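Asker: Contents of work26.cif (mmCIF, C-alpha atoms) are given next:
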```
data_input
#
loop_
_atom_site.label_atom_id
_atom_site.label_comp_id
_atom_site.auth_asym_id
_atom_site.auth_seq_id
_atom_site.Cartn_x
_atom_site.Cartn_y
_atom_site.Cartn_z
CA MET A 58 119.03 105.75 134.92
CA ASN A 59 119.63 108.61 132.57
CA ALA A 60 120.27 107.13 129.17
CA VAL A 61 122.23 109.20 126.73
CA ALA A 62 122.03 108.97 123.00
CA ALA A 63 124.02 106.09 121.60
CA ALA A 64 127.16 106.92 119.70
CA PRO A 65 126.71 106.67 115.95
CA ILE A 66 127.97 103.41 114.56
CA ASN A 67 131.03 103.66 112.34
CA LEU A 68 131.47 100.34 110.65
CA THR A 69 135.20 100.88 110.29
CA ASP A 70 135.42 100.91 114.05
CA LEU A 71 133.72 97.58 114.52
CA LEU A 72 135.77 94.90 116.20
CA VAL A 73 137.07 92.16 113.97
CA SER A 74 138.69 89.12 115.47
CA PRO A 75 139.54 85.58 114.47
CA ALA A 76 137.40 82.59 115.37
CA MET A 77 136.23 82.89 118.93
CA ALA A 78 137.17 80.14 121.35
CA GLY A 79 134.26 77.83 121.85
CA ALA A 80 132.55 78.78 118.63
CA SER A 81 130.39 75.93 117.47
CA SER A 82 131.26 76.32 113.81
CA SER A 83 134.63 75.42 112.39
CA ALA A 84 134.44 78.45 110.08
CA SER A 85 136.16 81.58 111.25
CA HIS A 86 133.85 84.29 112.46
CA ALA A 87 134.22 88.03 112.66
CA ALA A 88 132.87 89.64 115.81
CA TYR A 89 131.24 93.03 115.35
CA GLY A 90 131.08 95.19 118.40
CA ILE A 91 128.18 97.53 118.66
CA PRO A 92 128.42 100.01 121.51
CA ARG A 93 125.64 99.60 124.01
CA GLN A 94 123.86 102.73 125.05
CA SER A 95 125.57 104.16 128.09
CA TRP A 96 123.53 104.66 131.21
CA ARG A 97 125.99 107.08 132.71
CA GLY A 98 126.20 110.80 132.17
CA VAL A 99 129.31 110.50 130.05
CA ARG A 100 129.74 108.83 126.76
CA GLU A 101 131.62 105.60 127.11
CA GLN A 102 131.65 102.25 125.47
CA SER A 103 130.78 99.75 128.10
CA GLU A 104 130.19 96.09 127.38
CA PRO A 105 129.84 95.85 123.60
CA MET A 106 126.93 94.03 122.05
CA VAL A 107 128.50 91.60 119.64
CA LEU A 108 126.93 90.07 116.58
CA TYR A 109 128.54 87.17 114.78
CA ALA A 110 128.74 86.43 111.10
CA PRO A 111 130.95 84.18 109.01
CA SER A 112 133.90 86.13 107.68
CA GLN A 113 133.03 85.29 104.08
CA ALA A 114 129.84 87.34 104.48
CA LEU A 115 131.85 90.56 104.88
CA SER A 116 132.46 90.90 101.17
CA ALA A 117 128.82 90.43 100.19
CA GLY A 118 127.05 93.49 98.85
CA TRP A 119 124.16 93.04 101.26
CA PHE A 120 126.33 92.72 104.37
CA HIS A 121 127.17 96.25 105.43
CA PRO A 122 123.75 97.76 104.62
CA SER A 123 122.13 94.93 106.57
CA VAL A 124 124.42 95.38 109.56
CA GLU A 125 123.71 99.10 109.50
CA GLY A 126 120.00 98.38 109.47
CA ILE A 127 120.25 95.89 112.29
CA SER A 128 122.45 98.13 114.41
CA SER A 129 120.00 100.97 113.82
CA VAL A 130 117.07 99.02 115.20
CA LEU A 131 119.17 97.77 118.12
CA ARG A 132 119.59 101.40 119.20
CA LEU A 133 115.84 101.92 119.52
CA ARG A 134 114.64 102.56 123.05
CA ARG A 135 111.45 101.36 124.69
CA GLY A 136 108.46 103.15 123.19
CA TRP A 137 110.23 103.72 119.86
CA ASP A 138 106.90 103.43 118.05
CA SER A 139 105.39 106.20 120.20
CA TYR A 140 103.39 103.54 122.02
CA ASP A 141 105.07 100.91 124.23
CA ALA A 142 107.23 98.94 121.82
CA ARG A 143 109.99 96.88 123.37
CA PRO A 144 113.63 97.41 122.55
CA ILE A 145 114.86 94.97 119.93
CA THR A 146 116.49 91.94 121.49
CA HIS A 147 120.02 90.82 120.70
CA VAL A 148 118.74 87.30 120.06
CA SER A 149 116.33 88.52 117.38
CA ALA A 150 119.01 90.63 115.74
CA GLN A 151 121.51 87.77 115.75
CA SER A 152 118.92 85.36 114.36
CA ALA A 153 118.26 87.72 111.48
CA LEU A 154 121.95 88.19 110.69
CA THR A 155 122.62 84.46 110.94
CA PHE A 156 119.79 83.74 108.50
CA LEU A 157 121.13 86.29 106.03
CA SER A 158 124.66 84.94 106.32
CA ARG A 159 123.60 81.35 105.72
CA VAL A 160 121.09 81.88 102.96
CA LEU A 161 121.95 84.87 100.82
CA GLU A 162 124.30 84.94 97.90
CA ALA A 163 126.90 87.70 97.65
CA THR A 164 124.87 89.42 94.94
CA THR A 165 121.54 89.43 96.78
CA ALA A 166 120.08 92.88 97.34
CA PRO A 167 120.07 94.02 100.97
CA PRO A 168 116.72 93.68 102.74
CA ALA A 169 114.67 96.29 104.54
CA VAL A 170 115.14 95.82 108.29
CA VAL A 171 111.95 96.54 110.24
CA PRO A 172 111.72 96.55 114.03
CA LEU A 173 108.78 94.77 115.63
CA ALA A 174 106.95 96.00 118.72
CA ASP A 175 107.45 92.65 120.48
CA GLY A 176 111.23 93.15 120.40
CA GLY A 177 111.76 91.23 117.18
CA VAL A 178 113.13 92.06 113.76
CA GLN A 179 111.58 91.55 110.34
CA ILE A 180 113.63 91.47 107.17
CA GLU A 181 111.85 91.87 103.88
CA TRP A 182 112.23 92.34 100.15
CA HIS A 183 109.68 93.39 97.55
CA ARG A 184 111.46 92.91 94.22
CA GLY A 185 112.01 90.41 91.47
CA GLY A 186 108.29 89.70 91.40
CA LEU A 187 108.45 88.44 94.96
CA ASP A 188 107.36 89.53 98.42
CA VAL A 189 109.65 87.92 101.00
CA GLU A 190 109.29 88.57 104.70
CA ILE A 191 110.95 86.81 107.63
CA ALA A 192 110.09 87.73 111.22
CA PHE A 193 112.37 86.86 114.14
CA SER A 194 110.71 87.45 117.51
CA PRO A 195 111.88 86.50 121.00
CA GLY A 196 110.43 83.20 122.14
CA ASP A 197 108.93 82.33 118.75
CA ALA A 198 110.05 80.22 115.83
CA PRO A 199 110.97 82.37 112.83
CA GLU A 200 108.13 82.99 110.38
CA MET A 201 108.66 83.30 106.65
CA TYR A 202 106.19 84.38 103.99
CA ILE A 203 106.86 84.38 100.28
CA ALA A 204 104.46 85.43 97.54
CA ASP A 205 105.37 84.90 93.90
CA HIS A 206 103.59 87.40 91.67
CA GLU A 207 104.53 85.45 88.54
CA THR A 208 102.85 82.20 89.52
CA GLY A 209 100.37 83.31 92.16
CA ALA A 210 101.85 80.86 94.65
CA SER A 211 102.53 81.77 98.26
CA TRP A 212 104.10 80.03 101.24
CA ASP A 213 104.00 80.39 105.01
CA LEU A 214 106.80 78.41 106.61
CA ASP A 215 109.46 78.19 109.27
CA PRO A 216 112.78 78.81 107.46
CA SER A 217 114.65 76.77 110.04
CA THR A 218 112.92 73.59 108.83
CA ALA A 219 113.29 71.48 105.72
CA ASP A 220 110.29 73.31 104.22
CA PHE A 221 112.64 76.14 103.39
CA GLU A 222 114.40 74.14 100.68
CA GLU A 223 111.26 74.29 98.53
CA VAL A 224 111.41 78.09 98.34
CA ARG A 225 115.16 78.63 98.53
CA PRO A 226 115.63 78.74 94.72
CA LEU A 227 113.26 81.70 94.55
CA LEU A 228 115.71 83.87 96.47
CA ALA A 229 117.94 84.04 93.38
CA ARG A 230 115.40 86.56 92.07
CA LEU A 231 116.38 88.97 94.86
CA ARG A 232 119.75 89.76 93.31
CA ALA A 233 120.79 93.39 93.16
CA GLU A 234 120.60 95.17 89.82
CA MET B 162 81.32 97.06 119.13
CA PRO B 163 79.56 97.24 115.76
CA PRO B 164 81.56 95.32 113.16
CA ASP B 165 81.73 98.29 110.80
CA THR B 166 83.36 100.51 113.42
CA ALA B 167 86.44 102.15 111.95
CA LEU B 168 89.74 101.60 113.72
CA TYR B 169 92.49 104.07 112.89
CA ARG B 170 96.16 103.14 113.08
CA ARG B 171 99.06 105.59 112.79
CA ILE B 172 101.84 104.54 110.49
CA ASN B 173 105.31 105.86 111.26
CA PRO B 174 107.15 105.99 107.93
CA ASP B 175 110.45 105.24 109.64
CA PRO B 176 110.45 102.30 110.06
CA HIS B 177 107.10 101.01 108.81
CA LEU B 178 106.99 102.17 105.20
CA VAL B 179 109.13 100.12 102.82
CA TRP B 180 109.73 100.66 99.14
CA ASP B 181 108.09 98.09 96.89
CA GLU B 182 110.32 97.71 93.84
CA ASN B 183 107.78 95.47 92.16
CA PHE B 184 105.27 98.33 91.88
CA ASP B 185 107.44 101.41 92.59
CA CYS B 186 105.42 102.58 95.55
CA TRP B 187 105.54 102.83 99.34
CA ARG B 188 103.88 99.93 101.10
CA ILE B 189 103.13 99.42 104.77
CA SER B 190 105.32 96.77 106.31
CA THR B 191 103.31 94.03 107.96
CA GLY B 192 105.64 94.68 110.88
CA ALA B 193 103.41 97.64 111.74
CA PHE B 194 100.76 95.13 112.88
CA ARG B 195 102.82 92.86 115.16
CA ASP B 196 102.12 94.41 118.54
CA PRO B 197 100.08 92.04 120.74
CA GLU B 198 98.59 95.14 122.35
CA MET B 199 98.16 97.20 119.21
CA SER B 200 96.97 100.76 119.74
CA VAL B 201 94.23 102.18 117.55
CA VAL B 202 91.81 105.09 117.67
CA ILE B 203 88.14 104.14 117.58
CA GLY B 204 86.01 105.82 114.97
CA ASP B 205 82.68 105.99 116.75
CA THR B 206 84.28 107.80 119.68
CA LEU B 207 85.87 110.27 117.29
CA GLU B 208 82.43 110.93 115.84
CA GLU B 209 80.98 111.51 119.29
CA LEU B 210 83.75 114.01 119.92
CA ALA B 211 83.12 115.67 116.55
CA ARG B 212 86.74 115.06 115.57
CA ASP B 213 88.03 114.46 112.09
CA PRO B 214 90.09 111.25 111.79
CA ALA B 215 93.07 113.30 110.66
CA SER B 216 93.16 114.80 114.15
CA VAL B 217 94.72 111.52 115.26
CA LEU B 218 97.94 112.85 113.71
CA SER B 219 97.91 116.20 115.49
CA GLU B 220 100.77 115.15 117.80
CA HIS B 221 102.48 113.13 115.05
CA PRO B 222 102.40 115.27 111.91
CA ASP B 223 105.06 113.16 110.21
CA ASN B 224 102.97 109.99 110.47
CA TYR B 225 100.38 108.62 108.07
CA LEU B 226 96.99 107.11 108.87
CA VAL B 227 95.11 104.01 107.84
CA SER B 228 91.82 102.47 108.86
CA PHE B 229 90.31 99.02 109.01
CA THR B 230 87.11 97.78 110.62
CA ALA B 231 86.43 96.03 113.89
CA LYS B 232 85.14 93.10 111.83
CA VAL B 233 88.57 92.59 110.29
CA ALA B 234 90.07 92.35 113.77
CA GLU B 235 87.38 89.94 114.93
CA ASP B 236 87.83 87.77 111.85
CA CYS B 237 91.47 87.49 112.90
CA SER B 238 90.36 86.26 116.34
CA LEU B 239 91.54 89.50 117.92
CA THR B 240 89.75 91.45 120.62
CA VAL B 241 89.10 95.18 120.35
CA VAL B 242 88.78 96.99 123.66
CA ARG B 243 88.14 100.61 124.43
CA ASP B 244 91.00 102.13 126.41
CA SER B 245 90.43 105.85 126.78
CA THR B 246 93.44 107.84 127.97
CA PRO B 247 93.79 111.49 129.00
CA LEU B 248 95.79 112.18 125.84
CA GLU B 249 93.49 110.20 123.54
CA PRO B 250 89.90 109.68 124.69
CA ALA B 251 89.20 107.55 121.60
CA HIS B 252 92.13 105.20 122.24
CA GLY B 253 91.59 101.47 121.89
CA VAL B 254 93.65 98.32 121.85
CA VAL B 255 93.50 95.39 119.44
CA ARG B 256 94.58 92.50 121.62
CA GLY B 257 95.93 89.16 120.60
CA LYS B 258 99.02 87.48 119.28
CA LYS B 259 99.62 88.44 115.68
CA ARG B 260 101.52 85.94 113.62
CA LYS B 261 102.24 86.56 109.98
CA PRO B 262 98.87 85.56 108.48
CA VAL B 263 97.15 87.99 110.84
CA MET B 264 99.70 90.73 110.18
CA ARG B 265 99.12 90.34 106.45
CA ALA B 266 95.35 90.31 106.83
CA LEU B 267 95.42 93.56 108.77
CA ALA B 268 97.80 95.20 106.32
CA ALA B 269 95.72 94.05 103.35
CA ALA B 270 92.51 95.36 104.90
CA CYS B 271 93.82 98.87 105.50
CA ALA B 272 92.54 101.88 103.64
CA TRP B 273 94.63 105.03 103.50
CA VAL B 274 93.22 108.03 105.35
CA VAL B 275 96.37 110.16 105.23
CA ARG B 276 98.78 108.76 102.69
CA PRO B 277 102.29 109.41 101.41
CA ASP B 278 103.03 110.32 97.83
CA THR B 279 103.35 107.22 95.65
CA ALA B 280 101.64 105.00 98.19
CA CYS B 281 100.81 101.44 97.26
CA GLU B 282 97.15 100.49 97.43
CA PRO B 283 96.36 97.53 99.68
CA PRO B 284 96.02 94.65 99.13
CA TYR B 285 99.50 94.88 97.67
CA GLN B 286 99.91 91.48 96.18
CA ALA B 287 97.97 90.10 93.26
CA ILE B 288 97.37 87.07 95.44
CA GLU B 289 94.64 87.06 98.05
CA PRO B 290 95.96 86.58 101.58
CA PRO B 291 95.84 82.91 102.61
CA GLY B 292 93.07 81.73 104.88
CA LEU B 293 93.59 82.67 108.48
CA GLN B 294 94.82 79.95 110.74
CA GLY B 295 93.19 81.52 113.78
#
```
Spell out the structure here as structure tokens.
Answerer:
Amino acid sequence: MNAVAAAPINLTDLLVSPAMAGASSSASHAAYGIPRQSWRGVREQSEPMVLYAPSQALSAGWFHPSVEGISSVLRLRRGWDSYDARPITHVSAQSALTFLSRVLEATTAPPAVVPLADGGVQIEWHRGGLDVEIAFSPGDAPEMYIADHETGASWDLDPSTADFEEVRPLLARLRAE
Amino acid sequence: MPPDTALYRRINPDPHLVWDENFDCWRISTGAFRDPEMSVVIGDTLEELARDPASVLSEHPDNYLVSFTAKVAEDCSLTVVRDSTPLEPAHGVVRGKKRKPVMRALAAACAWVVRPDTACEPPYQAIEPPGLQG
């Protein structure tokens, strides 16, 4: 296969559609098409890679920068770290976007989006006196770490469990200026 | 391998440096230490070859460089193996699954060898990393 460079992502060109048939949530969802890298010698948009987010997330200040960050890491090819890093998996990317959509307020600052060599994605903030990192890797439960510089407390937890509710109020300190 | 053996790790600023707004400096993302087969360059081999550690960046001039010791890796229940390659005779691999406590321990143990302007100094947080879970 001769891969060609992926087309740059223009968010205004992303697909937006009403709730997809069979969606598990009753809330309407917007589907965002991200062109998959073409393996042919000509540029074409083959099967799009679609990420889902609730439509109310679109108006949040963090949304578009986060989607740009996630789509950027999804374009990375094998060996992107100059070693043998795996391409980022769609599942990891979707898990990260789903977490952001469910947890963040509209005024939360966008996170840094960091690719992981195992094909996962890490989202992180270092602001508001907090260090917040959540890693989503294929085949693993998500891992969250929070350190509070004001109190000296820190937590390691799975944000998909009830443990998350203990730290959730801290995320209000991640609001954008 | 002697526990004080230096292990050098290249840091690609895009994507592994993130801005720390708490301290207004560039910090290394713990994501740089996730790879279960994490490449490093082994210090004692560099010495045998009479090479300066900065030579690790000769093919990657836009990268930065940090070091930690073999003991740090072993304390994290990781295995360091020598893995010489034609392109890098001093190449090694730090093997083992790296969950977040291990990623943080490695990041916190790093010392800058080649650093960016306004680099944060590890350990970044005022809090000591939690005890390793193994």
Asker: Between A:Thr218, A:Thr165, A:Ser129, A:Gln151, which residue has the minimum interatomic distance to chain B, considering all atoms listed in the file?
Answerer: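 Looking at the shortest contact to chain B, the residue is A:Ser129.
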Asker: For the file shown, report as a ChimeraX atom specification the outcome of the PyMOL selection byres ((chain A and resi 231) around 12) at residue level.
Answerer: /A:119,160-168,181-189,203,205,225-230,232-234 /B:182-183
Asker: Give as an MDAnalysis selection string the residues that the PyMOL selection byres ((chain A) within 10 of (chain B)) matches when applied to the coordinates above.
Answerer: chainID A and resid 130 137:143 168:188 190:192 194 197 200:202 204:214
Asker: Can you list what the PyMOL selection byres ((chain B and resi 222) around 12) grabs from this structure, as a PyMOL selection string?
Answerer: chain B and resi 171-174+215-221+223-226+275-276
Asker: How many Å separate CA of Ser228 (chain B) from CA of Pro283 (chain B)?
Answerer: 11.4 Å
Asker: I'd like the interatomic distance between CA of Val241 (chain B) and CA of Arg256 (chain B), to a tenth of an Å.
Answerer: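 Separating CA of Val241 (chain B) from CA of Arg256 (chain B) is a distance of 6.2 Å.
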Asker: Quick one: distance from CA of Thr279 (chain B) to CA of Arg170 (chain B) in Å, one decimal?
Answerer: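 Going from CA of Thr279 (chain B) over to CA of Arg170 (chain B) covers 19.3 Å.
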Asker: Leaving out Met162 (chain B) and any residue of its chain fewer than 5 positions from it, which residues lie within 12 Å of it when counting only C-alpha atoms, given as a list of chain:residue names?
Answerer: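 After dropping sequence-adjacent residues, the list is B:Ala167, B:Leu168, B:Ile203, B:Gly204, B:Asp205, B:Thr206, B:Thr230, B:Ala231, B:Lys232, B:Ala234, B:Glu235, B:Thr240, B:Val241, B:Val242, B:Arg243, B:Gly253.
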Asker: For Val227 (chain B), work out the shell of residues within 6 Å, counting only C-alpha atoms and skipping chain neighbours fewer than 6 positions away, then give it as a PyMOL selection string.
Answerer: chain B and resi 169-170+271-274
Asker: Quick one: write out the picked residues with C-alpha atoms as a compact mmCIF listing (two decimals), keeping the file's coordinate frame?
Answerer:
```
# COMPACT_ATOMS: atom_id res chain seq x y z
CA TYR B 169 92.49 104.07 112.89
CA ARG B 170 96.16 103.14 113.08
CA CYS B 271 93.82 98.87 105.50
CA ALA B 272 92.54 101.88 103.64
CA TRP B 273 94.63 105.03 103.50
CA VAL B 274 93.22 108.03 105.35
```
Asker: Tell me, as a list in words, which residues lie within 7 Å of region 249-252 of chain B, counting all atoms listed in the file; anything in the same chain fewer than 2 positions away does not count.
Answerer: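 Surrounding residues, per the criterion: Val201, Val202, Ile203, Thr206, Leu207, Arg243, Asp244, Ser245, Thr246 and Pro247 of chain B.
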